[in-house]
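> Just one file: my_file-v8.tsv, with TSV, C-alpha atoms and all ligand atoms.
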chain	number	residue	atom	x	y	z
H	1	MET	CA	108.98	124.77	63.14
H	2	THR	CA	108.37	122.47	66.11
H	3	ASN	CA	104.93	122.01	67.52
H	4	LYS	CA	106.02	120.63	70.87
H	5	LYS	CA	103.30	120.08	73.41
H	6	THR	CA	103.70	121.20	77.01
H	7	PRO	CA	102.33	119.18	79.95
H	8	ALA	CA	99.39	121.62	80.07
H	9	ASP	CA	98.38	120.35	76.60
H	10	TRP	CA	98.39	116.70	77.64
H	11	ARG	CA	95.15	114.82	78.06
H	12	LEU	CA	93.91	114.12	81.56
H	13	ALA	CA	95.30	110.59	82.03
H	14	THR	CA	98.75	111.66	80.89
H	15	LYS	CA	98.77	114.62	83.27
H	16	LEU	CA	97.86	112.32	86.15
H	17	VAL	CA	100.71	109.89	85.44
H	18	ARG	CA	103.47	112.23	84.26
H	19	GLY	CA	102.70	115.79	85.35
H	20	GLY	CA	105.51	117.38	87.36
H	21	LEU	CA	107.82	114.36	87.10
H	22	LYS	CA	111.45	115.33	87.69
H	23	ARG	CA	114.07	112.61	87.71
H	24	SER	CA	117.30	112.71	89.67
H	25	GLN	CA	120.70	111.90	88.17
H	26	PHE	CA	119.89	108.18	88.68
H	27	GLY	CA	117.06	108.14	86.17
H	28	GLU	CA	114.59	106.33	88.43
H	29	THR	CA	111.25	105.35	86.83
H	30	SER	CA	109.12	106.19	89.84
H	31	GLU	CA	109.24	109.54	91.61
H	32	ALA	CA	112.02	109.70	94.22
H	33	ILE	CA	111.31	110.41	97.88
H	34	PHE	CA	113.58	113.18	99.16
H	35	MET	CA	113.34	112.74	102.92
H	36	THR	CA	115.51	115.70	103.76
H	37	SER	CA	114.74	118.71	105.90
H	38	GLY	CA	117.47	120.88	104.41
H	39	PHE	CA	119.76	121.32	101.40
H	40	ARG	CA	123.49	122.10	101.16
H	41	TYR	CA	125.07	124.64	98.89
H	42	ASP	CA	128.23	124.42	96.81
H	43	ALA	CA	129.28	127.87	97.97
H	44	ALA	CA	128.19	130.60	100.35
H	45	GLU	CA	127.24	132.74	97.37
H	46	VAL	CA	124.79	130.08	96.18
H	47	ALA	CA	123.05	130.09	99.57
H	48	ALA	CA	122.91	133.88	99.52
H	49	ASP	CA	121.46	133.90	95.99
H	50	ARG	CA	118.81	131.32	96.84
H	51	PHE	CA	117.72	133.20	99.93
H	52	ALA	CA	117.61	136.43	97.94
H	53	GLY	CA	115.43	134.72	95.34
H	54	ALA	CA	118.08	135.44	92.69
H	55	ALA	CA	118.76	131.74	92.04
H	56	GLU	CA	116.43	128.75	91.74
H	57	GLY	CA	116.84	125.91	94.17
H	58	PHE	CA	115.69	124.41	97.43
H	59	THR	CA	116.65	125.80	100.84
H	60	TYR	CA	114.49	124.15	103.49
H	61	SER	CA	111.65	121.64	103.30
H	62	ARG	CA	109.22	123.83	105.25
H	63	LEU	CA	109.29	126.06	102.15
H	64	SER	CA	109.68	123.46	99.41
H	65	ASN	CA	111.05	120.01	98.73
H	66	PRO	CA	111.63	118.13	95.45
H	67	THR	CA	109.08	115.35	96.11
H	68	VAL	CA	106.47	117.80	97.40
H	69	ALA	CA	107.16	120.06	94.40
H	70	MET	CA	106.43	117.17	92.02
H	71	PHE	CA	103.06	116.64	93.69
H	72	GLU	CA	102.34	120.38	93.57
H	73	GLU	CA	103.20	120.65	89.90
H	74	ARG	CA	101.08	117.60	89.02
H	75	MET	CA	98.11	119.16	90.87
H	76	SER	CA	98.71	122.54	89.21
H	77	ILE	CA	98.72	121.00	85.72
H	78	LEU	CA	95.65	118.95	86.56
H	79	GLU	CA	93.61	121.87	87.94
H	80	GLY	CA	94.85	124.41	85.40
H	81	LEU	CA	95.91	126.92	88.08
H	82	PRO	CA	99.49	128.24	88.13
H	83	VAL	CA	100.19	127.76	91.83
H	84	ALA	CA	99.69	124.64	93.96
H	85	LYS	CA	100.93	124.42	97.54
H	86	ALA	CA	100.69	121.15	99.46
H	87	THR	CA	99.72	121.07	103.13
H	88	ALA	CA	99.82	118.43	105.86
H	89	THR	CA	96.04	117.90	105.82
H	90	GLY	CA	92.97	119.11	104.00
H	91	MET	CA	92.02	121.21	107.02
H	92	ALA	CA	95.42	122.92	106.98
H	93	ALA	CA	94.66	123.82	103.36
H	94	VAL	CA	91.19	125.20	104.16
H	95	ASN	CA	92.47	127.12	107.17
H	96	ALA	CA	95.44	128.65	105.33
H	97	ALA	CA	93.39	129.53	102.23
H	98	LEU	CA	91.01	131.52	104.43
H	99	THR	CA	93.26	132.90	107.15
H	100	CYS	CA	96.02	134.11	104.83
H	101	GLN	CA	93.70	136.66	103.22
H	102	LEU	CA	91.54	137.74	106.17
H	103	ARG	CA	91.97	140.34	108.87
H	104	ALA	CA	89.84	141.85	111.64
H	105	GLY	CA	86.77	143.61	110.26
H	106	ASP	CA	86.45	141.38	107.19
H	107	LYS	CA	83.28	139.45	106.36
H	108	VAL	CA	83.12	135.86	105.11
H	109	VAL	CA	80.03	134.28	103.59
H	110	GLY	CA	79.71	130.50	103.43
H	111	ALA	CA	77.15	127.78	102.99
H	112	ARG	CA	75.66	126.23	106.13
H	113	ALA	CA	76.28	122.71	104.86
H	114	LEU	CA	80.01	122.19	105.26
H	115	PHE	CA	82.44	119.54	106.38
H	116	GLY	CA	82.31	119.66	110.22
H	117	SER	CA	85.78	121.17	110.72
H	118	CYS	CA	85.26	123.78	107.99
H	119	ARG	CA	82.11	124.81	109.78
H	120	TYR	CA	84.09	125.07	113.05
H	121	ILE	CA	86.60	127.46	111.43
H	122	LEU	CA	83.76	129.72	110.25
H	123	ASP	CA	81.66	129.43	113.41
H	124	GLU	CA	84.33	129.49	116.10
H	125	ILE	CA	87.84	130.39	114.97
H	126	LEU	CA	87.47	133.29	112.55
H	127	PRO	CA	85.05	135.27	114.79
H	128	ARG	CA	87.68	135.16	117.57
H	129	TYR	CA	89.88	137.39	115.44
H	130	GLY	CA	87.20	139.95	114.66
H	131	ILE	CA	86.09	138.40	111.37
H	132	THR	CA	82.35	138.27	110.75
H	133	THR	CA	80.93	135.10	109.21
H	134	GLU	CA	77.49	134.62	107.72
H	135	LEU	CA	76.15	131.20	106.72
H	136	VAL	CA	73.41	130.71	104.16
H	137	ASN	CA	71.43	127.86	102.65
H	138	GLY	CA	73.83	127.03	99.81
H	139	ALA	CA	71.04	125.79	97.55
H	140	ASP	CA	69.23	129.16	97.73
H	141	ASN	CA	70.63	131.66	95.21
H	142	ASP	CA	68.59	134.52	96.70
H	143	ALA	CA	70.15	133.85	100.10
H	144	TRP	CA	73.63	134.14	98.57
H	145	ALA	CA	72.57	137.38	96.87
H	146	ARG	CA	71.36	138.86	100.17
H	147	ALA	CA	74.46	137.81	102.12
H	148	ILE	CA	77.19	138.77	99.65
H	149	THR	CA	77.34	142.52	100.21
H	150	PRO	CA	79.96	145.16	99.30
H	151	GLY	CA	81.85	144.51	102.57
H	152	THR	CA	82.31	140.79	101.81
H	153	LYS	CA	85.96	139.78	101.51
H	154	THR	CA	85.72	136.03	100.97
H	155	VAL	CA	83.09	133.48	99.95
H	156	PHE	CA	83.62	129.86	100.97
H	157	VAL	CA	81.81	127.08	99.11
H	158	GLU	CA	81.73	123.29	99.30
H	159	THR	CA	79.77	121.47	96.60
H	160	PRO	CA	78.41	118.85	96.81
H	161	ALA	CA	78.39	119.47	100.55
H	162	ASN	CA	79.06	117.02	103.33
H	163	PRO	CA	77.00	115.05	104.21
H	164	THR	CA	73.70	116.12	102.67
H	165	LEU	CA	75.10	116.53	99.13
H	166	ASP	CA	73.56	119.99	98.64
H	167	VAL	CA	74.81	121.47	95.38
H	168	VAL	CA	75.86	125.12	95.16
H	169	ASP	CA	75.54	126.96	91.83
H	170	LEU	CA	79.18	127.95	91.34
H	171	GLN	CA	78.47	130.36	88.49
H	172	VAL	CA	75.89	132.30	90.47
H	173	VAL	CA	78.05	132.50	93.60
H	174	CYS	CA	81.22	133.46	91.71
H	175	ASP	CA	79.39	136.21	89.80
H	176	LEU	CA	77.86	137.63	93.00
H	177	ALA	CA	81.21	137.52	94.79
H	178	HIS	CA	83.18	139.11	91.98
H	179	ALA	CA	80.63	141.91	91.64
H	180	VAL	CA	81.67	143.07	95.14
H	181	GLY	CA	85.37	142.23	94.74
H	182	ALA	CA	85.27	139.14	96.99
H	183	THR	CA	87.50	136.10	96.59
H	184	VAL	CA	85.83	132.71	96.09
H	185	VAL	CA	87.39	129.69	97.79
H	186	VAL	CA	85.96	126.30	96.72
H	187	ASP	CA	86.46	123.10	98.72
H	188	ASN	CA	86.23	120.64	95.82
H	189	VAL	CA	86.83	117.45	97.79
H	190	PHE	CA	83.50	115.72	97.15
H	191	ALA	CA	83.59	116.36	93.41
H	192	THR	CA	87.32	115.60	92.98
H	193	PRO	CA	89.42	117.40	90.35
H	194	LEU	CA	88.03	115.00	87.75
H	195	LEU	CA	84.29	115.67	88.06
H	196	GLN	CA	84.15	119.42	88.63
H	197	ARG	CA	86.39	122.34	87.63
H	198	PRO	CA	85.55	125.35	89.82
H	199	THR	CA	87.86	127.66	87.85
H	200	GLU	CA	85.55	127.33	84.84
H	201	TYR	CA	83.00	129.32	86.84
H	202	GLY	CA	85.53	131.82	88.11
H	203	ALA	CA	86.62	130.33	91.46
H	204	ASP	CA	89.80	132.06	92.66
H	205	VAL	CA	91.12	129.41	95.04
H	206	VAL	CA	90.48	125.65	95.03
H	207	VAL	CA	91.33	123.40	97.98
H	208	TYR	CA	91.46	119.63	98.36
H	209	SER	CA	91.95	117.13	101.10
H	210	GLY	CA	94.43	114.73	99.49
H	211	THR	CA	93.42	112.26	102.19
H	212	LYS	CA	90.24	111.52	100.27
H	213	HIS	CA	90.18	110.40	96.60
H	214	ILE	CA	93.72	111.58	95.76
H	215	ASP	CA	95.30	109.05	98.10
H	216	GLY	CA	92.08	107.07	98.09
H	217	GLN	CA	93.64	104.04	99.70
H	218	GLY	CA	93.47	105.03	103.36
H	219	ARG	CA	97.19	105.57	103.81
H	220	ALA	CA	98.07	109.23	104.20
H	221	LEU	CA	96.77	112.66	105.12
H	222	GLY	CA	97.41	115.65	102.91
H	223	GLY	CA	95.93	118.77	101.39
H	224	VAL	CA	96.56	121.24	98.61
H	225	ILE	CA	95.72	124.88	97.84
H	226	LEU	CA	95.52	125.97	94.19
H	227	CYS	CA	95.40	129.61	93.15
H	228	GLN	CA	96.51	132.34	90.77
H	229	GLN	CA	100.01	133.83	91.05
H	230	GLN	CA	98.62	137.13	92.36
H	231	PHE	CA	96.82	135.50	95.29
H	232	PHE	CA	99.96	133.53	96.09
H	233	ASP	CA	102.16	136.64	96.02
H	234	ASP	CA	99.73	138.87	97.92
H	235	HIS	CA	98.50	136.45	100.58
H	236	LEU	CA	99.53	132.82	100.59
H	237	ASN	CA	103.29	132.72	100.11
H	238	GLN	CA	104.47	134.48	103.25
H	239	TYR	CA	101.64	132.98	105.32
H	240	LEU	CA	102.67	129.41	104.47
H	241	ARG	CA	106.41	130.08	104.78
H	242	HIS	CA	106.09	131.38	108.30
H	243	THR	CA	103.30	129.21	109.71
H	244	GLY	CA	104.56	125.90	108.26
H	245	PRO	CA	101.56	123.60	107.58
H	246	THR	CA	103.87	121.73	105.20
H	247	MET	CA	103.30	118.27	103.69
H	248	SER	CA	105.86	115.55	104.39
H	249	PRO	CA	107.85	114.37	101.33
H	250	PHE	CA	106.78	110.82	102.08
H	251	ASN	CA	103.09	111.78	101.99
H	252	ALA	CA	103.67	113.74	98.79
H	253	TRP	CA	105.07	110.56	97.24
H	254	ILE	CA	102.02	108.55	98.31
H	255	LEU	CA	99.72	111.18	96.83
H	256	LEU	CA	101.74	111.25	93.59
H	257	LYS	CA	101.17	107.50	93.32
H	258	GLY	CA	97.50	108.06	94.12
H	259	LEU	CA	97.12	110.58	91.29
H	260	GLU	CA	98.39	107.99	88.79
H	261	THR	CA	95.24	105.92	89.32
H	262	LEU	CA	92.77	108.69	90.30
H	263	ASP	CA	90.96	108.63	86.96
H	264	LEU	CA	90.47	104.85	87.03
H	265	ARG	CA	89.38	104.81	90.65
H	266	VAL	CA	86.97	107.75	90.57
H	267	THR	CA	85.36	106.51	87.37
H	268	ARG	CA	84.72	103.06	88.87
H	269	MET	CA	83.59	104.48	92.21
H	270	CYS	CA	81.04	106.72	90.47
H	271	GLU	CA	79.71	103.73	88.48
H	272	ASN	CA	79.43	101.71	91.68
H	273	ALA	CA	77.79	104.60	93.56
H	274	ALA	CA	75.17	105.06	90.84
H	275	LYS	CA	74.25	101.34	91.01
H	276	VAL	CA	74.17	101.28	94.80
H	277	ALA	CA	72.09	104.48	94.94
H	278	ASP	CA	69.52	102.97	92.57
H	279	PHE	CA	69.36	99.84	94.67
H	280	LEU	CA	68.89	101.81	97.91
H	281	ALA	CA	66.21	104.07	96.41
H	282	ASP	CA	64.32	101.08	94.95
H	283	SER	CA	64.55	99.05	98.17
H	284	GLY	CA	61.62	100.96	99.65
H	285	LYS	CA	63.20	100.57	103.09
H	286	LEU	CA	64.71	104.03	103.45
H	287	SER	CA	62.88	107.28	104.04
H	288	ARG	CA	65.31	109.25	101.84
H	289	VAL	CA	68.18	108.52	99.45
H	290	LEU	CA	70.29	111.43	98.23
H	291	TYR	CA	72.63	111.00	95.28
H	292	PRO	CA	73.31	113.93	92.89
H	293	GLY	CA	73.40	111.54	89.92
H	294	ARG	CA	69.78	110.45	90.45
H	295	LYS	CA	66.89	112.35	88.92
H	296	ASP	CA	65.14	112.54	92.31
H	297	HIS	CA	67.99	114.58	93.86
H	298	PRO	CA	66.47	118.05	94.41
H	299	GLN	CA	69.32	119.67	92.46
H	300	HIS	CA	70.00	116.93	89.93
H	301	GLU	CA	69.98	119.28	86.93
H	302	LEU	CA	72.47	121.71	88.45
H	303	ALA	CA	74.66	118.84	89.64
H	304	MET	CA	74.80	117.36	86.16
H	305	ARG	CA	75.58	120.77	84.64
H	306	GLN	CA	78.52	121.29	87.00
H	307	MET	CA	79.76	117.73	87.46
H	308	ALA	CA	80.77	115.03	84.99
H	309	ALA	CA	79.14	112.32	87.14
H	310	GLY	CA	77.12	111.96	90.33
H	311	GLY	CA	80.08	111.45	92.65
H	312	THR	CA	81.12	108.71	95.02
H	313	VAL	CA	79.00	109.47	98.10
H	314	ILE	CA	75.37	108.58	98.90
H	315	THR	CA	73.41	109.88	101.89
H	316	MET	CA	70.31	108.15	103.23
H	317	ASP	CA	67.80	108.28	106.07
H	318	VAL	CA	66.97	105.09	107.91
H	319	PRO	CA	63.56	104.84	109.60
H	320	GLY	CA	63.77	104.44	113.37
H	321	GLY	CA	66.30	107.21	114.03
H	322	ARG	CA	69.60	106.38	115.68
H	323	ASP	CA	68.51	102.83	116.55
H	324	GLY	CA	67.65	102.05	112.96
H	325	ALA	CA	70.86	103.61	111.67
H	326	PHE	CA	73.06	101.76	114.18
H	327	HIS	CA	71.29	98.46	113.41
H	328	LEU	CA	72.05	98.88	109.74
H	329	LEU	CA	75.69	99.83	110.37
H	330	ASN	CA	76.25	96.94	112.77
H	331	ALA	CA	74.75	94.44	110.33
H	332	LEU	CA	77.20	95.23	107.52
H	333	GLU	CA	79.76	92.57	106.67
H	334	ILE	CA	81.75	94.13	103.82
H	335	ILE	CA	81.19	97.88	104.18
H	336	ASP	CA	83.19	99.25	107.11
H	337	ILE	CA	81.92	101.64	109.76
H	338	SER	CA	84.35	104.51	109.24
H	339	ASN	CA	84.22	108.27	108.78
H	340	ASN	CA	86.73	108.64	105.94
H	341	LEU	CA	85.56	108.90	102.32
H	342	GLY	CA	86.89	108.56	98.81
H	343	ASP	CA	88.58	105.31	99.80
H	344	ALA	CA	88.95	102.07	97.82
H	345	LYS	CA	87.02	100.44	100.66
H	346	SER	CA	83.37	101.35	101.02
H	347	LEU	CA	82.84	103.19	104.29
H	348	MET	CA	79.70	104.22	106.11
H	349	THR	CA	79.28	106.70	108.92
H	350	HIS	CA	76.59	108.16	111.16
H	351	PRO	CA	77.25	111.92	110.92
H	352	ALA	CA	75.13	112.95	113.93
H	353	SER	CA	77.32	110.95	116.33
H	354	THR	CA	80.67	111.39	114.54
H	355	THR	CA	81.65	114.02	111.97
H	356	HIS	CA	78.86	116.45	112.86
H	357	ARG	CA	78.49	115.73	116.58
H	358	SER	CA	79.94	119.12	117.58
H	359	LEU	CA	77.03	120.92	115.90
H	360	ALA	CA	74.05	121.81	118.09
H	361	GLU	CA	71.03	119.60	117.36
H	362	ALA	CA	69.08	122.50	115.87
H	363	ALA	CA	71.96	123.28	113.48
H	364	ARG	CA	72.15	119.60	112.49
H	365	LEU	CA	68.44	119.41	111.77
H	366	GLU	CA	68.62	122.64	109.80
H	367	LEU	CA	71.22	120.90	107.63
H	368	GLY	CA	69.03	117.84	107.18
H	369	ILE	CA	71.22	115.59	109.34
H	370	GLY	CA	68.85	113.52	111.44
H	371	GLU	CA	69.50	110.70	113.90
H	372	GLY	CA	68.70	108.25	111.10
H	373	THR	CA	71.03	109.84	108.53
H	374	LEU	CA	73.91	107.72	107.19
H	375	ARG	CA	76.62	108.64	104.71
H	376	LEU	CA	78.04	105.96	102.43
H	377	SER	CA	81.31	106.45	100.57
H	378	VAL	CA	81.25	103.90	97.78
H	379	GLY	CA	84.56	102.20	97.04
H	380	LEU	CA	86.05	99.85	94.49
H	381	GLU	CA	84.55	96.52	95.54
H	382	ASP	CA	82.18	94.82	93.10
H	383	ALA	CA	78.93	96.80	93.21
H	384	ASP	CA	76.89	93.58	93.44
H	385	ASP	CA	78.71	92.54	96.62
H	386	LEU	CA	78.00	95.96	98.13
H	387	ILE	CA	74.35	95.70	97.13
H	388	GLU	CA	74.05	92.22	98.69
H	389	ASP	CA	75.71	93.48	101.88
H	390	LEU	CA	73.26	96.39	102.09
H	391	ALA	CA	70.26	94.21	101.16
H	392	GLU	CA	71.06	91.83	104.00
H	393	ALA	CA	71.60	94.68	106.47
H	394	LEU	CA	68.34	96.37	105.40
H	395	THR	CA	66.39	93.29	106.47
H	396	ARG	CA	67.55	93.99	110.06
H	397	ILE	CA	66.12	97.50	110.45
J	401	LIG	C1	87.96	115.50	104.67
J	401	LIG	C2	87.55	116.84	104.24
J	401	LIG	C3	88.28	117.96	104.64
J	401	LIG	C4	89.47	117.87	105.56
J	401	LIG	O1	90.51	117.08	105.09
J	401	LIG	P1	91.57	116.36	106.08
J	401	LIG	O2	92.59	115.84	105.14
J	401	LIG	O3	90.83	115.30	106.82
J	401	LIG	O4	92.10	117.43	106.99
J	401	LIG	C5	87.84	119.20	104.22
J	401	LIG	N1	86.75	119.33	103.43
J	401	LIG	C6	86.03	118.27	103.01
J	401	LIG	C7	84.85	118.47	102.15
J	401	LIG	C8	86.41	116.99	103.41
J	401	LIG	O5	85.68	115.93	103.00
Would you mind giving the structure from this file in structure tokens?
Ligand SMILES: *Cc1c(COP(=O)(O)O)cnc(C)c1O

Amino acid sequence: MTNKKTPADWRLATKLVRGGLKRSQFGETSEAIFMTSGFRYDAAEVAADRFAGAAEGFTYSRLSNPTVAMFEERMSILEGLPVAKATATGMAAVNAALTCQLRAGDKVVGARALFGSCRYILDEILPRYGITTELVNGADNDAWARAITPGTKTVFVETPANPTLDVVDLQVVCDLAHAVGATVVVDNVFATPLLQRPTEYGADVVVYSGTKHIDGQGRALGGVILCQQQFFDDHLNQYLRHTGPTMSPFNAWILLKGLETLDLRVTRMCENAAKVADFLADSGKLSRVLYPGRKDHPQHELAMRQMAAGGTVITMDVPGGRDGAFHLLNALEIIDISNNLGDAKSLMTHPASTTHRSLAEAARLELGIGEGTLRLSVGLEDADDLIEDLAEALTRI
């Protein structure tokens, strides 16, 4: 009797390097890039069979492509969900995961603290099509319980949330949602597939921006939607086929290469972030330092229950409002002023004037984003160099 292991049985690092690998007839070591929009068939009958779904094989790269399929299979094995579909950006993934299942009259419940563009979809786009959206304080379990009512179709969660790093109790929200038959969509970007596994709490759909830690080297945009077969068959498949938010094969290749080192990078970035967060909190120069891995984070216990580490992002408040924040940013020598995150390079941004500028001031303040709030994505530089850069900049505020 053989006891052959399948890729699903592999340990994490092996999945990241080898999951989904399919070699061509040339036996290349690295994944091949199939930059082709279409595919040719040996006979008319083969084309007919493929279109009828009676034979396996590619037909058109809007629907699937060998390089993109390798990325999708690697993500599927990694997340432990049977279906993964790659998209051109993280926002395309969020939008498709929501829109494919919603229709006029449906209700969506989400947390107030969301990535700016996710918030725009809930606040502005969905209501245009007759979909009701209700936003709650994601840290307040009673607020979720009040909002998730029998008419709720979908619950949308981001945890930790951008940029204030609020943590949502995934178990509580999934249980409430499932009690009324709602689908839970989790944007797991900040936690990465390594630190948090939303399916363990019952999440139905998980989305990522591949642009962040999965590429993690500032090169390419991408996204991915992971779900059960039923959700794919009932909602996602036809929606994606006919609306076409497809990932380019070249970007899929970059993200495949990114996955190979994701474990190493995220582990080091979390170690760096923990050191930098301690330095910032101990500096005494900031009015607030938020890092889920620190005991003084208001939801530290929940964060550590749900996540394997504190993450790669730190949020802080600089005294002196926008002036103070801009002074600090402009004094940095190593850390770049940039709004991306999850990158090898440490990046710092001022949410009120960039990523969250489209929110009304009252909505920003409600989220805890002040004029002095800065978000730091900690990268792969030596933590001591980052600390020295910040220490020097802090003397200028
Ligand atoms: C960046 C980000 C997105 C959007 O991803 P893009 O690839 O930039 O479209 C969505 N959600 C979260 C939490 C993000 O950080």
> Have a look at H:Tyr60, H:Tyr120, H:Trp10, H:Trp144 and name the one nearest to ligand LIG 401 (chain J); count only C-alpha atoms and all ligand atoms.
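Smallest distance to ligand LIG 401 (chain J) is found for H:Tyr120.
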> As a PDB file with C-alpha atoms, in the coordinates of the input, please: the residues near H:Gly311 (cut-off 12 Å, all atoms listed in the file, same-chain neighbours under 4 positions excluded).

ATOM      1  CA  THR H 159      79.770 121.470  96.600  1.00  0.00           C
ATOM      2  CA  PRO H 160      78.410 118.850  96.810  1.00  0.00           C
ATOM      3  CA  ALA H 161      78.390 119.470 100.550  1.00  0.00           C
ATOM      4  CA  LEU H 165      75.100 116.530  99.130  1.00  0.00           C
ATOM      5  CA  VAL H 167      74.810 121.470  95.380  1.00  0.00           C
ATOM      6  CA  ASN H 188      86.230 120.640  95.820  1.00  0.00           C
ATOM      7  CA  VAL H 189      86.830 117.450  97.790  1.00  0.00           C
ATOM      8  CA  PHE H 190      83.500 115.720  97.150  1.00  0.00           C
ATOM      9  CA  ALA H 191      83.590 116.360  93.410  1.00  0.00           C
ATOM     10  CA  THR H 192      87.320 115.600  92.980  1.00  0.00           C
ATOM     11  CA  PRO H 193      89.420 117.400  90.350  1.00  0.00           C
ATOM     12  CA  LEU H 194      88.030 115.000  87.750  1.00  0.00           C
ATOM     13  CA  LEU H 195      84.290 115.670  88.060  1.00  0.00           C
ATOM     14  CA  GLN H 196      84.150 119.420  88.630  1.00  0.00           C
ATOM     15  CA  HIS H 213      90.180 110.400  96.600  1.00  0.00           C
ATOM     16  CA  ARG H 265      89.380 104.810  90.650  1.00  0.00           C
ATOM     17  CA  VAL H 266      86.970 107.750  90.570  1.00  0.00           C
ATOM     18  CA  THR H 267      85.360 106.510  87.370  1.00  0.00           C
ATOM     19  CA  ARG H 268      84.720 103.060  88.870  1.00  0.00           C
ATOM     20  CA  MET H 269      83.590 104.480  92.210  1.00  0.00           C
ATOM     21  CA  CYS H 270      81.040 106.720  90.470  1.00  0.00           C
ATOM     22  CA  GLU H 271      79.710 103.730  88.480  1.00  0.00           C
ATOM     23  CA  ASN H 272      79.430 101.710  91.680  1.00  0.00           C
ATOM     24  CA  ALA H 273      77.790 104.600  93.560  1.00  0.00           C
ATOM     25  CA  ALA H 274      75.170 105.060  90.840  1.00  0.00           C
ATOM     26  CA  LYS H 275      74.250 101.340  91.010  1.00  0.00           C
ATOM     27  CA  VAL H 276      74.170 101.280  94.800  1.00  0.00           C
ATOM     28  CA  ALA H 277      72.090 104.480  94.940  1.00  0.00           C
ATOM     29  CA  LEU H 290      70.290 111.430  98.230  1.00  0.00           C
ATOM     30  CA  TYR H 291      72.630 111.000  95.280  1.00  0.00           C
ATOM     31  CA  PRO H 292      73.310 113.930  92.890  1.00  0.00           C
ATOM     32  CA  GLY H 293      73.400 111.540  89.920  1.00  0.00           C
ATOM     33  CA  ARG H 294      69.780 110.450  90.450  1.00  0.00           C
ATOM     34  CA  HIS H 300      70.000 116.930  89.930  1.00  0.00           C
ATOM     35  CA  ALA H 303      74.660 118.840  89.640  1.00  0.00           C
ATOM     36  CA  MET H 304      74.800 117.360  86.160  1.00  0.00           C
ATOM     37  CA  GLN H 306      78.520 121.290  87.000  1.00  0.00           C
ATOM     38  CA  MET H 307      79.760 117.730  87.460  1.00  0.00           C
ATOM     39  CA  THR H 315      73.410 109.880 101.890  1.00  0.00           C
ATOM     40  CA  LEU H 341      85.560 108.900 102.320  1.00  0.00           C
ATOM     41  CA  GLY H 342      86.890 108.560  98.810  1.00  0.00           C
ATOM     42  CA  LEU H 376      78.040 105.960 102.430  1.00  0.00           C
ATOM     43  CA  SER H 377      81.310 106.450 100.570  1.00  0.00           C
ATOM     44  CA  VAL H 378      81.250 103.900  97.780  1.00  0.00           C
ATOM     45  CA  GLY H 379      84.560 102.200  97.040  1.00  0.00           C
TER      46      GLY H 379
END
> To one decimal in Å, tell me the separation between atom CA of H:Arg357 and atom CA of H:Gly130.
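That distance, rounded to one decimal, is 25.8 Å.
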> Could you list, as an NGL selection string, all the residues within 10 Å of ligand LIG 401 (chain J), counting only C-alpha atoms and all ligand atoms?
:H and (87-95 or 113-119 or 157-163 or 186-192 or 207-213 or 220-224 or 339-342 or 355)
> First collect every listed atom of stretch 71-81 of chain H; then fit an axis-aligned box around them, widen it by 3 Å on each side, and give centre and edge lengths in Å to one decimal, as lines of an AutoDock Vina configuration file.

center_x = 98.4
center_y = 121.8
center_z = 89.5
size_x = 15.6
size_y = 16.3
size_z = 14.3
> Pick out the closest residue to H:Met316 from this set: H:Pro298, H:Gly368, H:Pro249, H:Pro7. Count all atoms listed in the file.
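Of H:Pro298, H:Gly368, H:Pro249, H:Pro7, the one nearest H:Met316 is H:Gly368, counting all atoms listed in the file.
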> Is there a way to get, as a list in words, all residues within 8 Å of the point (74.2, 134.5, 94.3) in file coordinates, counting all atoms listed in the file?
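Residues found, by chain and rising number: Asn141, Asp142, Ala143, Trp144, Ala145, Arg146, Ile148, Val172, Val173, Cys174, Asp175, Leu176 and Ala177 of chain H.
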> Using the selection just defined, write its residues with C-alpha atoms as a compact mmCIF listing (two decimals), in the frame of the given file.

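Output (result-v2.txt):
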# COMPACT_ATOMS: atom_id res chain seq x y z
CA ASN H 141 70.63 131.66 95.21
CA ASP H 142 68.59 134.52 96.70
CA ALA H 143 70.15 133.85 100.10
CA TRP H 144 73.63 134.14 98.57
CA ALA H 145 72.57 137.38 96.87
CA ARG H 146 71.36 138.86 100.17
CA ILE H 148 77.19 138.77 99.65
CA VAL H 172 75.89 132.30 90.47
CA VAL H 173 78.05 132.50 93.60
CA CYS H 174 81.22 133.46 91.71
CA ASP H 175 79.39 136.21 89.80
CA LEU H 176 77.86 137.63 93.00
CA ALA H 177 81.21 137.52 94.79
> Find the spatial neighbours of H:Glu381, counting all atoms listed in the file, within a cut-off of 8 Å - ignore same-chain residues fewer than 2 positions away - and output them as a VMD selection string.
chain H and resid 344 to 346 379 383 385 to 386
